[in-house]
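*Asks:* Let me begin by handing over the structure; questions about it come next.
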Amino acid sequence: MIAPLLASDECHVWWADPRHRTIESLSAVLSEPELERAARFRREPDRRRFLTGSWLLRTVAGAQLGIPPEDVTVIRKCPDCTRHHGKPYIGAEGSPLHVSVSHSGDRVAVALTAEGPVGVDVELVPSVPVDDLARCALTQDERLALEALPEERRYEAFAGVWVRKEAALKATGHGLRISPDRVEVTGPDESPQLLRWPLDIPPGDVRFHMLHPGDGYVGVFAVLTRNPRLQVVESHVTDQELITTAPVLVAA
């Protein structure tokens, strides 16, 4: 697989399908902690998504560093325990390469940039009512906006709001240790922006870009930067190569 090198003011987001490679080929470049974590998944689809994300992260980071995927040092720190999970760092916290991983259904995404801390999130649009989820994940204004939509639009709308919240919290490293109902974002029909949250980082320093994971999915990329001209390039991994779309600018 050939991964294009990062240019300045650029973020790459790579997409992969966890069904396209054998577990043996995915596992070949992973570390013992990664393999141990993979073994704890009871369902094979969950195991494949994790293995694909770990393999893709090592592959694209190795291409940037000029080293084999198996030689990439991936650090995952959890503030609540010693297990190998949490926000990934390449080499060590403070590395010039910022990365994030997400997976849902048949989509696996890895984002990588030198611009600033990054979070990526992809979600399969739910096929069941989301009222219970909305009550615990959305602010009052977000719930009212969701309830104003026709029922058939609420599933994708909820997923569109959710990925914005999770991507922003993944960029800071907090993840869902901060309750998502304390984070407010613009609605799914609006340009993605962070409106308020309980962190000291100004909401305007979080920039979003909507991604293109395919029908039935929603995805978004968030980076902590004041750069209004960050380019985002999405690439789809095949067995032979990376097919790269044209770069686009993150909205100011």
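Residues in the structure tokens are named by chain (A, B, ... in the order shown) and by number from 1 within that chain; ligands are numbered from 1 in the order shown.
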Identify, on the basis of only C-alpha atoms, every residue whose closest approach to Tyr155 in chain A does not exceed 7 Å; exclude the query and any residue fewer than 5 positions from it along the same chain; express the result as JSON, numbers by chain.
*Replies:* {"A": [125, 126, 127, 130]}
*Asks:* Output N, CA and C atoms for every residue in the selection just made, as a tab-separated table (two decimals), in the first residue's frame.
*Replies:*
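Output contents, as saved in part.tsv:
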```
chain	number	residue	atom	x	y	z
A	125	VAL	N	-25.65	4.99	10.72
A	125	VAL	CA	-26.92	5.64	11.06
A	125	VAL	C	-27.83	4.62	11.73
A	126	PRO	N	-28.34	4.93	12.92
A	126	PRO	CA	-29.18	3.95	13.64
A	126	PRO	C	-30.46	3.65	12.87
A	127	SER	N	-30.94	2.43	13.06
A	127	SER	CA	-32.18	2.00	12.39
A	127	SER	C	-33.33	1.85	13.36
A	130	VAL	N	-34.30	6.86	18.38
A	130	VAL	CA	-33.14	7.39	19.10
A	130	VAL	C	-33.55	8.26	20.28
```
*Asks:* When DSSP works through the backbone of this structure, what residues of range 6-249 of chain A end up as alpha helix (DSSP H), shown as an mmCIF file with C-alpha atoms, in the first residue's frame?
*Replies:*
```cif
data_model
loop_
_atom_site.group_PDB
_atom_site.id
_atom_site.type_symbol
_atom_site.label_atom_id
_atom_site.label_comp_id
_atom_site.auth_asym_id
_atom_site.auth_seq_id
_atom_site.Cartn_x
_atom_site.Cartn_y
_atom_site.Cartn_z
ATOM 1 C CA ILE A 23 -6.926 -11.519 10.515
ATOM 2 C CA GLU A 24 -3.449 -12.999 10.036
ATOM 3 C CA SER A 25 -2.309 -10.184 7.720
ATOM 4 C CA LEU A 26 -3.738 -7.512 10.013
ATOM 5 C CA SER A 27 -2.149 -9.044 13.104
ATOM 6 C CA GLU A 32 1.580 -7.657 21.968
ATOM 7 C CA PRO A 33 -0.700 -5.204 23.834
ATOM 8 C CA GLU A 34 -2.717 -4.682 20.639
ATOM 9 C CA LEU A 35 -3.033 -8.411 20.046
ATOM 10 C CA GLU A 36 -4.047 -8.992 23.659
ATOM 11 C CA ARG A 37 -6.726 -6.351 23.386
ATOM 12 C CA ALA A 38 -7.985 -7.829 20.105
ATOM 13 C CA ALA A 39 -8.280 -11.254 21.726
ATOM 14 C CA GLU A 44 -15.355 -11.364 15.186
ATOM 15 C CA PRO A 45 -16.718 -8.171 13.512
ATOM 16 C CA ASP A 46 -15.605 -6.143 16.554
ATOM 17 C CA ARG A 47 -12.205 -7.838 16.505
ATOM 18 C CA ARG A 48 -11.803 -7.143 12.779
ATOM 19 C CA ARG A 49 -12.654 -3.470 13.185
ATOM 20 C CA PHE A 50 -10.104 -3.062 15.965
ATOM 21 C CA LEU A 51 -7.402 -4.985 14.087
ATOM 22 C CA THR A 52 -8.050 -3.020 10.882
ATOM 23 C CA GLY A 53 -7.844 0.303 12.711
ATOM 24 C CA SER A 54 -4.595 -0.688 14.441
ATOM 25 C CA TRP A 55 -3.085 -2.007 11.202
ATOM 26 C CA LEU A 56 -4.110 1.093 9.221
ATOM 27 C CA LEU A 57 -2.798 3.456 11.900
ATOM 28 C CA ARG A 58 0.597 1.746 11.903
ATOM 29 C CA THR A 59 0.738 1.574 8.107
ATOM 30 C CA VAL A 60 0.031 5.244 7.409
ATOM 31 C CA ALA A 61 2.130 6.488 10.354
ATOM 32 C CA GLY A 62 5.021 4.291 9.222
ATOM 33 C CA ALA A 63 4.803 5.803 5.746
ATOM 34 C CA GLN A 64 5.160 9.292 7.229
ATOM 35 C CA LEU A 65 8.101 8.267 9.413
ATOM 36 C CA ASP A 131 -35.298 9.102 21.730
ATOM 37 C CA ASP A 132 -33.606 7.396 24.690
ATOM 38 C CA LEU A 133 -30.134 8.147 23.311
ATOM 39 C CA ALA A 134 -31.093 11.752 22.635
ATOM 40 C CA ARG A 135 -32.201 12.269 26.231
ATOM 41 C CA CYS A 136 -28.778 11.356 27.609
ATOM 42 C CA ALA A 137 -26.542 12.659 24.780
ATOM 43 C CA GLN A 140 -32.122 20.679 25.558
ATOM 44 C CA ASP A 141 -31.786 22.873 22.454
ATOM 45 C CA GLU A 142 -30.400 19.949 20.436
ATOM 46 C CA ARG A 143 -33.297 17.706 21.532
ATOM 47 C CA LEU A 144 -35.863 20.332 20.568
ATOM 48 C CA ALA A 145 -34.250 20.710 17.137
ATOM 49 C CA LEU A 146 -34.269 16.928 16.669
ATOM 50 C CA GLU A 147 -37.909 16.595 17.744
ATOM 51 C CA GLU A 151 -39.319 11.024 12.382
ATOM 52 C CA GLU A 152 -37.654 9.499 9.313
ATOM 53 C CA ARG A 153 -34.959 12.208 9.412
ATOM 54 C CA ARG A 154 -34.176 11.932 13.104
ATOM 55 C CA TYR A 155 -31.910 8.883 12.875
ATOM 56 C CA GLU A 156 -29.354 10.451 10.545
ATOM 57 C CA ALA A 157 -29.728 13.846 12.224
ATOM 58 C CA PHE A 158 -28.929 12.356 15.628
ATOM 59 C CA ALA A 159 -25.891 10.543 14.229
ATOM 60 C CA GLY A 160 -24.693 13.774 12.591
ATOM 61 C CA VAL A 161 -24.802 15.633 15.908
ATOM 62 C CA TRP A 162 -23.248 12.737 17.821
ATOM 63 C CA VAL A 163 -20.155 12.431 15.597
ATOM 64 C CA ARG A 164 -19.396 16.146 16.040
ATOM 65 C CA LYS A 165 -19.432 15.804 19.814
ATOM 66 C CA GLU A 166 -17.357 12.641 19.881
ATOM 67 C CA ALA A 167 -14.773 13.879 17.351
ATOM 68 C CA ALA A 168 -14.209 17.047 19.379
ATOM 69 C CA LEU A 169 -13.832 15.119 22.649
ATOM 70 C CA LYS A 170 -11.505 12.595 21.006
ATOM 71 C CA ALA A 171 -9.295 15.451 19.800
ATOM 72 C CA THR A 172 -8.752 16.638 23.385
#
```
*Asks:* Neighbouring residues of Gly119 in chain A were defined as those with any atom within 12 Å, considering only C-alpha atoms; residues of the same chain fewer than 6 positions away were excluded. Please report them as an MDAnalysis selection string.
*Replies:* chainID A and resid 11:13 86:89 98:102 109:113 163:175 206:209 219:224
*Asks:* Between A:Ser104, A:Ser31, A:Ser179, A:Ser95, which one has atoms that come closest to Gly116 in chain A, using only C-alpha atoms?
*Replies:*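 Of all the options, A:Ser95 lies closest to Gly116 in chain A.
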*Asks:* Would you pick out the contacts of Glu184 in chain A at 7 Å or less, using only C-alpha atoms, so that residues sharing its chain but fewer than 6 positions from it are not included, and give the list as a ChimeraX atom specification?
*Replies:* /A:139,194-197
*Asks:* Write to file, as an mmCIF file, in the first residue's frame, the residues of the selection just made, with N, CA and C atoms.
*Replies:*
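Produced file result-v4.cif, reproduced below:
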```cif
data_model
loop_
_atom_site.group_PDB
_atom_site.id
_atom_site.type_symbol
_atom_site.label_atom_id
_atom_site.label_comp_id
_atom_site.auth_asym_id
_atom_site.auth_seq_id
_atom_site.Cartn_x
_atom_site.Cartn_y
_atom_site.Cartn_z
ATOM 1 N N THR A 139 -28.138 18.218 24.350
ATOM 2 C CA THR A 139 -28.597 19.319 25.194
ATOM 3 C C THR A 139 -30.080 19.561 24.921
ATOM 4 N N LEU A 194 -18.562 23.926 16.981
ATOM 5 C CA LEU A 194 -18.734 23.732 18.411
ATOM 6 C C LEU A 194 -19.248 25.034 19.010
ATOM 7 N N LEU A 195 -20.339 24.954 19.761
ATOM 8 C CA LEU A 195 -20.935 26.151 20.341
ATOM 9 C C LEU A 195 -20.491 26.383 21.777
ATOM 10 N N ARG A 196 -20.478 25.314 22.580
ATOM 11 C CA ARG A 196 -20.043 25.448 23.978
ATOM 12 C C ARG A 196 -19.707 24.071 24.535
ATOM 13 N N TRP A 197 -18.798 24.079 25.514
ATOM 14 C CA TRP A 197 -18.443 22.852 26.236
ATOM 15 C C TRP A 197 -17.732 23.242 27.520
#
```
*Asks:* Using only C-alpha atoms, which of the listed residues (A:Gly216, A:Pro198, A:Gly91, A:Pro192) sits closest to Gly105 in chain A?
*Replies:*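 The shortest atom-to-atom distance to Gly105 in chain A comes from A:Gly216.
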